[in-house]
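Everything below concerns the one structure shown next.
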Amino acid sequence: MDSAAKDEQPAHVKHLAAFLIRHHSDQLHSMALSQDPKLHFPLYVNFAELMDDDPPLSHLVFSQPTEYLRLFDEAAVWAHKVILGDLNGSNKGIKKEFIHVRINISGSPLECPETFPSIGRVRVKHRGILLTLKGTVIRSGAIKMYEGERKYMCQKCKHEFLVYPELESRNSIKLPSYCPSQRSKPCEGTKFGHLEGSITCHDYQEIKIQESTHVLGVGAIPRSIPVILKDDLVDIVKAGDDVIVTGILTAKWSPDLKDVRCDLDPILIANYVRRTNELKSEIDIPDDAIMKFKQFWSDFKDTPLKGRNAILRGICPQVFGLFTVKLAVVALTLIGGVQHVDASGTKVRGESHLLLVGDPGTGKSQFLKFAAKLSNRSVITTGLGSTSAGLTVTAVKDGGEWMLEAGALVLADGGLCCIDEFDSMREHDRATIHEAMEQQTISVAKAGLVTTLSTKTIVFGATNPKGQYDPDQSLSVNTALSGPLLSRFDIVLVLLDTKNPEWDGVVSSHILSEEEPDNGKQDEDLANIWPFPMLRRYIHFVKGYFRPVLTKEAEIVISSYYQLQRRSATGNAARTTVRMLESLIRLAQAHARLMFRNEVTRLDAITAILCIESSMTTSAIVDSVGNALHSNFTENPDLEYATQERLILEKLRSFDDFPDANSTR
């Protein structure tokens with residue numbers, strides 16, 4: 001670039017360009033070598049780095065982003081031309097017209113509550129500054145073409161200048177009252193002509209983000225705000241994605257509707273968008289907590305199942321007993337197994353799904369709410385109580401445009417979706433939830449919007465039987481749920497409130513003791529129960545740290561049990577399929593994680609079998625399991641396990657290919 005051209009640039013543009021050349025020459029080089037000159041290229045800048053280099057200039061970018069981000073883009077194009085001049089000798093570089101500086105505030109002072117508020121706390125004071133918001137994409141619109149800046153020329157002095165459309169006035173062009181040329185003698189011309197072919201068009205997309213329900217108090221309504229994405233930012237996020245958006249807060253007139261007052265609605269014009277899906281389930285686990293976990297299992301080295309039960313007692317401590325349900329909620333559902341991807345790219349999910357079918361008053365909703373609190377990312381809803389999007393996704397018309405609205409399963413991607421009254425789902429949810437639970441995606445083709453959304457979600461459902469539960473009928477008849485849908489659940493527990501005088505006496509004593517203000521025995525029992533924060537950290541740690549693999553003895557047990565089920569299957573055994581084999585593997589891996597191990601042993605395999613046997617959807621091989629509602633914690637779980645192991649191995653040894661080995665763990 002010649003010296004005359006350099007002198008025409010404002011001082012701030014020169015400073016910004018010099019900063020980009022010093023710190024981001026690698027990005028500028030890669031842009032120069034790109035072959036498509038018409039693309040819009042992003043240039044990522046850390047705000048903390050700009051603050052260290054030039055604090056006054058960084059403050060101007062923060063306080064006047066509308067003006068200075070445009071200057072930053074001009075500086076990027078200018079710096080690109082300087083880099084391109086260095087490459088001209090090799091004839092490799094191609095001139096680019098559109099480069100946009102994207103400001104990342106991570107690690108800078110702008111991460112304070114004043115400039116990084118929750119969506120519900122956005123106010124007028126935030127207008128016009130560089131603002132950052134965090135939320136979940138609940139709607140995503142179609143990509144449109146948007147006419148942006150255009151050039152005009154003063155008829156008097158022939159000065160050319162850019163004019164940008166104003167969002168507040170429906171993208172109309174407002175010309176200056178006099179010539180904006182920066183000359184020693186003002187031109188003061190008032191007549192301007194539009195230069196043909198000078199209009200710059202941009203890709204344009206509107207999305208809507210909603211604040212996370214986990215940061216809200218009870219009774220608070222999650223707020224949402226529209227976000228405008230332009231150029232390289234379009235189509236990088238989908239409904240259900242967690243995002244952090246940095247941009248400029250402005251206002252936009254609401255659409256013209258008959259008999260409806262026209263208002264200015266807040267809207268965020270995005271400058272930088274970061275997907276945080278990989279951070280959805282992040283929980284801070286200090287090193288001393290990990291040491292406590294290791295010490296705990298060291299103390300229970302000789303009686304591991306007693307240590308496991310001490311962890312399980314922390315699940316819904318207000319609900320007495322229900323050992324089988326608590327084991328299913330923690331080990332099988334919240335912890336889950338390991339996702340498997342074969343050579344062809346086919347994925348077998350690692351998440352386990354659980355369904356509780358029970359009479360009223362058996363604690364189903366208590367478990368749903370407790371599981372939602374244990375998970376760092378969760379959505380709790382009912383079959384009919386969800387939004388217009390239902391459980392999956394729907395197309396809605398907003399301001400004359402069709403947009404996708406995410407349902408509960410999409411919003412819970414990467415976490416837990418608790419669905420009460422599971423049998424009352426809408427018809428379109430029943431049709432699409434099969435794919436969401438098994439393939440963990442939702443394929444959408446509605447109102448011309450064709451896409452696939454991720455639903456890598458644990459489903460925890462609860463429902464009441466239709467009328468009086470009839471043990472002689474299939475589970476599908478008792479719940480009015482189809483067999484294929486029931487087969488998606490790894491375990492289905494039926495909680496029947498049958499008459500049992502002994503159990504009724506124990507439960508009544510527990511409830512009455514809860515009401516006594518001073519009870520030393522109660523305090524002693526609570527000392528053996530893990531506190532909620534420790535339990536939450538433990539579940540997150542073992543889920544991320546351990547990836548258990550099956551040992552040979554575990555494979556033999558699982559394979560033999562599966563073959564035995566296949567031989568003894570009746571017409572009502574709807575789940576005796578390959579899905580049941582996959583469920584067994586997932587449950588065994590989850591139990592190994594719960595036991596703080598990287599190997600799936602025979603103990604884990606047999607525990608998975610006992611959990612499957614507790615499900616009323618399979619033909620019972622072990623008759624001693626009984627009603628899941630009446631299952632309780634035993635004094636010596638390791639001794640009881642030895643008895644259950646012997647019973648199962650005796651059944652499995654009926655196969656010729658099952659080795660006659662001693663019962664070892």
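Following the order of the structure tokens, first chain is A, next is B, and so on, with residues numbered from 1 inside each chain and ligands from 1 in the order they appear.
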
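Within 8 Å of segment 477-481 of chain A there are Val357, Asp423, Thr463, Asn464, Pro465, Lys466, Gly467, Tyr469, Asp470, Gln473, Leu485 and Leu486 of chain A, counting only C-alpha atoms and ignoring same-chain residues fewer than 4 positions away.
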
Take the selection from the previous step and output its residues with C-alpha atoms, as a compact mmCIF listing (two decimals), in the first residue's frame.
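Dumped everything to result.txt:
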# COMPACT_ATOMS: atom_id res chain seq x y z
CA VAL A 357 -44.48 -47.48 36.59
CA ASP A 423 -48.11 -41.87 29.04
CA THR A 463 -46.21 -42.98 34.82
CA ASN A 464 -49.22 -44.51 36.55
CA PRO A 465 -50.76 -47.77 35.34
CA LYS A 466 -54.06 -47.53 33.51
CA GLY A 467 -56.46 -48.45 36.30
CA TYR A 469 -52.32 -53.01 37.54
CA ASP A 470 -52.95 -56.53 36.23
CA GLN A 473 -51.32 -58.60 31.34
CA LEU A 485 -41.29 -47.49 23.01
CA LEU A 486 -40.95 -49.62 26.15

Next on the checklist: Need to verify the contact set: Lys208 of chain A, 8 Å, only C-alpha atoms, exclusion of same-chain residues closer than 3 positions in sequence. Can you return it as an MDAnalysis selection string?
Outcome noted: chainID A and resid 137:140 224:227

Atoms to include: C-alpha atoms. Write the selected residues as a tab-separated table (two decimals), in the first residue's frame.
chain	number	residue	atom	x	y	z
A	137	VAL	CA	-30.71	-21.69	21.67
A	138	ILE	CA	-34.45	-22.35	21.70
A	139	ARG	CA	-35.23	-21.11	18.19
A	140	SER	CA	-33.25	-20.84	14.98
A	224	SER	CA	-35.11	-14.99	26.31
A	225	ILE	CA	-33.69	-12.50	23.82
A	226	PRO	CA	-33.37	-12.54	20.01
A	227	VAL	CA	-29.85	-12.56	18.57

Next on the checklist: Excluding segment 335-341 of chain A and its own-chain neighbours fewer than 5 positions away, which residues fall within 10 Å of it when counting only C-alpha atoms? Please give them as a PyMOL selection string.
Outcome noted: chain A and resi 328-330+346-353+375+458+538-544+546-549+582-594

Write the residues you've just listed into a file as a JSON list (two decimals), in the first residue's frame, and include N, CA and C atoms for each of them.
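Contents of again38.json, freshly written:
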[["chain", "number", "residue", "atom", "x", "y", "z"],
["A", 328, "ALA", "N", -31.05, -48.08, 40.59],
["A", 328, "ALA", "CA", -31.33, -47.82, 39.18],
["A", 328, "ALA", "C", -31.16, -46.34, 38.85],
["A", 329, "VAL", "N", -31.57, -45.45, 39.77],
["A", 329, "VAL", "CA", -31.48, -44.01, 39.52],
["A", 329, "VAL", "C", -30.02, -43.58, 39.41],
["A", 330, "VAL", "N", -29.18, -44.05, 40.35],
["A", 330, "VAL", "CA", -27.79, -43.58, 40.38],
["A", 330, "VAL", "C", -26.92, -44.35, 39.39],
["A", 346, "THR", "N", -21.09, -46.39, 13.22],
["A", 346, "THR", "CA", -22.36, -46.60, 13.91],
["A", 346, "THR", "C", -22.16, -46.47, 15.42],
["A", 347, "LYS", "N", -23.03, -45.69, 16.05],
["A", 347, "LYS", "CA", -22.90, -45.44, 17.48],
["A", 347, "LYS", "C", -23.92, -46.24, 18.27],
["A", 348, "VAL", "N", -23.47, -46.78, 19.38],
["A", 348, "VAL", "CA", -24.36, -47.42, 20.35],
["A", 348, "VAL", "C", -24.33, -46.56, 21.60],
["A", 349, "ARG", "N", -25.47, -46.05, 21.97],
["A", 349, "ARG", "CA", -25.52, -45.07, 23.06],
["A", 349, "ARG", "C", -24.99, -45.62, 24.36],
["A", 350, "GLY", "N", -24.44, -44.71, 25.17],
["A", 350, "GLY", "CA", -23.98, -45.09, 26.50],
["A", 350, "GLY", "C", -24.95, -44.69, 27.58],
["A", 351, "GLU", "N", -25.88, -43.78, 27.26],
["A", 351, "GLU", "CA", -26.87, -43.32, 28.24],
["A", 351, "GLU", "C", -27.94, -44.39, 28.46],
["A", 352, "SER", "N", -28.33, -44.56, 29.72],
["A", 352, "SER", "CA", -29.38, -45.52, 30.08],
["A", 352, "SER", "C", -30.67, -44.77, 30.34],
["A", 353, "HIS", "N", -31.78, -45.39, 29.96],
["A", 353, "HIS", "CA", -33.11, -44.80, 30.19],
["A", 353, "HIS", "C", -33.85, -45.63, 31.23],
["A", 375, "SER", "N", -28.26, -33.88, 38.52],
["A", 375, "SER", "CA", -27.66, -33.63, 37.21],
["A", 375, "SER", "C", -27.39, -32.14, 37.04],
["A", 458, "ILE", "N", -30.35, -38.47, 28.76],
["A", 458, "ILE", "CA", -30.86, -39.56, 29.60],
["A", 458, "ILE", "C", -32.34, -39.29, 29.83],
["A", 538, "TYR", "N", -19.36, -36.85, 43.09],
["A", 538, "TYR", "CA", -18.91, -38.23, 42.85],
["A", 538, "TYR", "C", -19.48, -38.77, 41.54],
["A", 539, "ILE", "N", -20.78, -38.55, 41.32],
["A", 539, "ILE", "CA", -21.41, -39.04, 40.09],
["A", 539, "ILE", "C", -20.74, -38.42, 38.87],
["A", 540, "HIS", "N", -20.49, -37.12, 38.93],
["A", 540, "HIS", "CA", -19.85, -36.45, 37.78],
["A", 540, "HIS", "C", -18.42, -36.95, 37.58],
["A", 541, "PHE", "N", -17.70, -37.19, 38.67],
["A", 541, "PHE", "CA", -16.30, -37.62, 38.55],
["A", 541, "PHE", "C", -16.19, -39.01, 37.93],
["A", 542, "VAL", "N", -16.94, -39.97, 38.45],
["A", 542, "VAL", "CA", -16.81, -41.34, 37.93],
["A", 542, "VAL", "C", -17.33, -41.43, 36.50],
["A", 543, "LYS", "N", -18.28, -40.57, 36.16],
["A", 543, "LYS", "CA", -18.81, -40.60, 34.79],
["A", 543, "LYS", "C", -17.78, -40.10, 33.79],
["A", 544, "GLY", "N", -16.97, -39.14, 34.19],
["A", 544, "GLY", "CA", -15.97, -38.60, 33.27],
["A", 544, "GLY", "C", -14.62, -39.26, 33.34],
["A", 546, "PHE", "N", -13.87, -42.70, 34.49],
["A", 546, "PHE", "CA", -13.76, -44.14, 34.21],
["A", 546, "PHE", "C", -14.44, -44.50, 32.90],
["A", 547, "ARG", "N", -13.78, -45.37, 32.12],
["A", 547, "ARG", "CA", -14.35, -45.96, 30.91],
["A", 547, "ARG", "C", -14.18, -47.48, 31.00],
["A", 548, "PRO", "N", -15.06, -48.13, 31.75],
["A", 548, "PRO", "CA", -14.87, -49.56, 32.06],
["A", 548, "PRO", "C", -14.94, -50.45, 30.82],
["A", 549, "VAL", "N", -14.12, -51.49, 30.82],
["A", 549, "VAL", "CA", -14.15, -52.51, 29.76],
["A", 549, "VAL", "C", -14.52, -53.85, 30.40],
["A", 582, "GLU", "N", -27.54, -55.00, 24.89],
["A", 582, "GLU", "CA", -26.88, -53.70, 25.02],
["A", 582, "GLU", "C", -27.17, -53.06, 26.37],
["A", 583, "SER", "N", -28.40, -53.23, 26.86],
["A", 583, "SER", "CA", -28.74, -52.68, 28.18],
["A", 583, "SER", "C", -27.92, -53.33, 29.27],
["A", 584, "LEU", "N", -27.74, -54.65, 29.19],
["A", 584, "LEU", "CA", -26.94, -55.36, 30.20],
["A", 584, "LEU", "C", -25.51, -54.82, 30.25],
["A", 585, "ILE", "N", -24.93, -54.59, 29.07],
["A", 585, "ILE", "CA", -23.56, -54.07, 29.01],
["A", 585, "ILE", "C", -23.51, -52.68, 29.63],
["A", 586, "ARG", "N", -24.49, -51.81, 29.27],
["A", 586, "ARG", "CA", -24.51, -50.45, 29.83],
["A", 586, "ARG", "C", -24.65, -50.47, 31.35],
["A", 587, "LEU", "N", -25.56, -51.32, 31.84],
["A", 587, "LEU", "CA", -25.79, -51.36, 33.28],
["A", 587, "LEU", "C", -24.57, -51.88, 34.02],
["A", 588, "ALA", "N", -23.90, -52.88, 33.44],
["A", 588, "ALA", "CA", -22.69, -53.42, 34.08],
["A", 588, "ALA", "C", -21.58, -52.36, 34.09],
["A", 589, "GLN", "N", -21.43, -51.62, 32.99],
["A", 589, "GLN", "CA", -20.42, -50.56, 32.96],
["A", 589, "GLN", "C", -20.74, -49.46, 33.97],
["A", 590, "ALA", "N", -22.03, -49.13, 34.08],
["A", 590, "ALA", "CA", -22.43, -48.09, 35.04],
["A", 590, "ALA", "C", -22.13, -48.53, 36.47],
["A", 591, "HIS", "N", -22.39, -49.80, 36.77],
["A", 591, "HIS", "CA", -22.12, -50.29, 38.13],
["A", 591, "HIS", "C", -20.63, -50.31, 38.41],
["A", 592, "ALA", "N", -19.83, -50.63, 37.40],
["A", 592, "ALA", "CA", -18.37, -50.60, 37.59],
["A", 592, "ALA", "C", -17.91, -49.17, 37.89],
["A", 593, "ARG", "N", -18.48, -48.20, 37.21],
["A", 593, "ARG", "CA", -18.15, -46.80, 37.51],
["A", 593, "ARG", "C", -18.55, -46.45, 38.94],
["A", 594, "LEU", "N", -19.73, -46.88, 39.33],
["A", 594, "LEU", "CA", -20.20, -46.61, 40.69],
["A", 594, "LEU", "C", -19.24, -47.21, 41.72]]

Checklist entry - Which parts of segment 197-440 of chain A does DSSP call helix (DSSP H, G or I) when run on the backbone here, written out as a ChimeraX atom specification? => result /A:213-215,231-233,277-279,287-299,304-312,323-335,364-374,408-411,422-424,427-438

Next on the checklist: Restricting the calculation to only C-alpha atoms: of A:His159, A:Lys364, A:Lys292, A:Lys306, which residue gets closest to Val319 of chain A?
Outcome noted: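 That would be A:Lys364, the residue with the smallest distance to Val319 of chain A.
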
Checklist entry - Excluding same-chain residues fewer than 5 positions from Val45 of chain A, what lies within 10 Å of it counting only C-alpha atoms, as a ChimeraX atom specification? => result /A:20,23-24,50,101-105,272

Produce a file of the selected residues containing N, CA and C atoms, as a PDB file, in the first residue's frame.
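Okay, again_11.pdb is ready:
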ATOM      1  N   LEU A  20      -2.963  -5.888  15.160  1.00  0.00           N
ATOM      2  CA  LEU A  20      -3.278  -7.142  14.465  1.00  0.00           C
ATOM      3  C   LEU A  20      -2.042  -7.733  13.801  1.00  0.00           C
ATOM      4  N   HIS A  23       0.215  -9.276  16.636  1.00  0.00           N
ATOM      5  CA  HIS A  23      -0.267 -10.420  17.417  1.00  0.00           C
ATOM      6  C   HIS A  23      -1.022 -11.471  16.603  1.00  0.00           C
ATOM      7  N   HIS A  24      -1.482 -11.121  15.410  1.00  0.00           N
ATOM      8  CA  HIS A  24      -2.329 -12.064  14.672  1.00  0.00           C
ATOM      9  C   HIS A  24      -1.884 -12.199  13.214  1.00  0.00           C
ATOM     10  N   LEU A  50      -5.812  -7.357  23.970  1.00  0.00           N
ATOM     11  CA  LEU A  50      -5.922  -5.961  23.540  1.00  0.00           C
ATOM     12  C   LEU A  50      -5.760  -5.014  24.730  1.00  0.00           C
ATOM     13  N   VAL A 101     -13.487  -8.735  12.667  1.00  0.00           N
ATOM     14  CA  VAL A 101     -12.802  -9.015  13.932  1.00  0.00           C
ATOM     15  C   VAL A 101     -13.830  -9.508  14.939  1.00  0.00           C
ATOM     16  N   ARG A 102     -13.579 -10.673  15.544  1.00  0.00           N
ATOM     17  CA  ARG A 102     -14.459 -11.275  16.540  1.00  0.00           C
ATOM     18  C   ARG A 102     -13.783 -11.194  17.901  1.00  0.00           C
ATOM     19  N   ILE A 103     -14.428 -10.517  18.840  1.00  0.00           N
ATOM     20  CA  ILE A 103     -13.844 -10.247  20.151  1.00  0.00           C
ATOM     21  C   ILE A 103     -14.240 -11.338  21.139  1.00  0.00           C
ATOM     22  N   ASN A 104     -13.257 -12.045  21.668  1.00  0.00           N
ATOM     23  CA  ASN A 104     -13.479 -13.067  22.692  1.00  0.00           C
ATOM     24  C   ASN A 104     -13.102 -12.477  24.050  1.00  0.00           C
ATOM     25  N   ILE A 105     -14.089 -12.365  24.951  1.00  0.00           N
ATOM     26  CA  ILE A 105     -13.836 -11.724  26.244  1.00  0.00           C
ATOM     27  C   ILE A 105     -13.367 -12.717  27.300  1.00  0.00           C
ATOM     28  N   TYR A 272     -19.443 -12.230  18.379  1.00  0.00           N
ATOM     29  CA  TYR A 272     -18.686 -13.467  18.626  1.00  0.00           C
ATOM     30  C   TYR A 272     -19.624 -14.477  19.271  1.00  0.00           C
TER      31      TYR A 272
END

Item to check | Among listed residues A:Lys134, A:Gly120, A:Ala310, A:Asn171, nearest Arg223 of chain A (using only C-alpha atoms) | outcome: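 Counting only C-alpha atoms, the residue closest to Arg223 of chain A is A:Gly120.
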
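You can rank A:Pro37, A:Gly247, A:Gly189, A:Gly307 by their closest distance to Glu635 of chain A using only C-alpha atoms, and at the top of that list sits A:Gly307.
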
Checklist outcome for this item: Trp78 of chain A proximity check over A:Phe192, A:Phe62, A:Phe19, A:Phe596, using only C-alpha atoms: winner is A:Phe19

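Minimum atom-to-atom distances from A:Ala18, A:Met437, A:Ala372, A:Leu332 to Thr392 of chain A were compared using only C-alpha atoms, and the lowest value belongs to A:Met437.
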
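Closest approach to Ile311 of chain A from the set A:Ala642, A:Val450, A:Ala239, A:Met534 is made by A:Met534, with distances taken over only C-alpha atoms.
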
Next on the checklist: I'd like the interatomic distance between atom CA of Ile244 of chain A and atom CA of Gly135 of chain A, to a tenth of an Å.
Outcome noted: 6.6 Å

Identify, on the basis of only C-alpha atoms, every residue whose closest approach to Ile609 of chain A does not exceed 9 Å; exclude the query and any residue fewer than 3 positions from it along the same chain; express the result as an mmCIF file with C-alpha atoms, in the first residue's frame.
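Generated output (result_20.cif):
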data_model
loop_
_atom_site.group_PDB
_atom_site.id
_atom_site.type_symbol
_atom_site.label_atom_id
_atom_site.label_comp_id
_atom_site.auth_asym_id
_atom_site.auth_seq_id
_atom_site.Cartn_x
_atom_site.Cartn_y
_atom_site.Cartn_z
ATOM 1 C CA ILE A 558 -23.825 -61.591 30.271
ATOM 2 C CA TYR A 561 -27.900 -64.853 30.590
ATOM 3 C CA LEU A 584 -26.935 -55.359 30.196
ATOM 4 C CA LEU A 587 -25.793 -51.358 33.285
ATOM 5 C CA ALA A 588 -22.690 -53.417 34.076
ATOM 6 C CA ASP A 604 -21.069 -55.853 37.998
ATOM 7 C CA ALA A 605 -22.524 -58.290 35.450
ATOM 8 C CA ILE A 606 -24.628 -60.105 38.063
ATOM 9 C CA ILE A 612 -32.976 -56.446 34.651
ATOM 10 C CA GLU A 613 -34.766 -59.149 36.631
ATOM 11 C CA SER A 614 -36.429 -56.466 38.726
ATOM 12 C CA ILE A 648 -27.794 -67.093 38.999
#

Checklist entry - For the atom pair atom CA of Ile99 of chain A and atom CA of His202 of chain A, what is the interatomic distance in Å to one decimal place? => result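 Pair atom CA of Ile99 of chain A / atom CA of His202 of chain A returns 12.3 Å.
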
Next on the checklist: If we count only C-alpha atoms and set the cut-off at 12 Å, which residues sit around segment 54-59 of chain A, ignoring sequence neighbours fewer than 2 positions away in its own chain? Please answer as an NGL selection string.
Outcome noted: :A and (11-16 or 18-20 or 45-52 or 61-65 or 68-69 or 71-72 or 103 or 105 or 108-110 or 129-130)
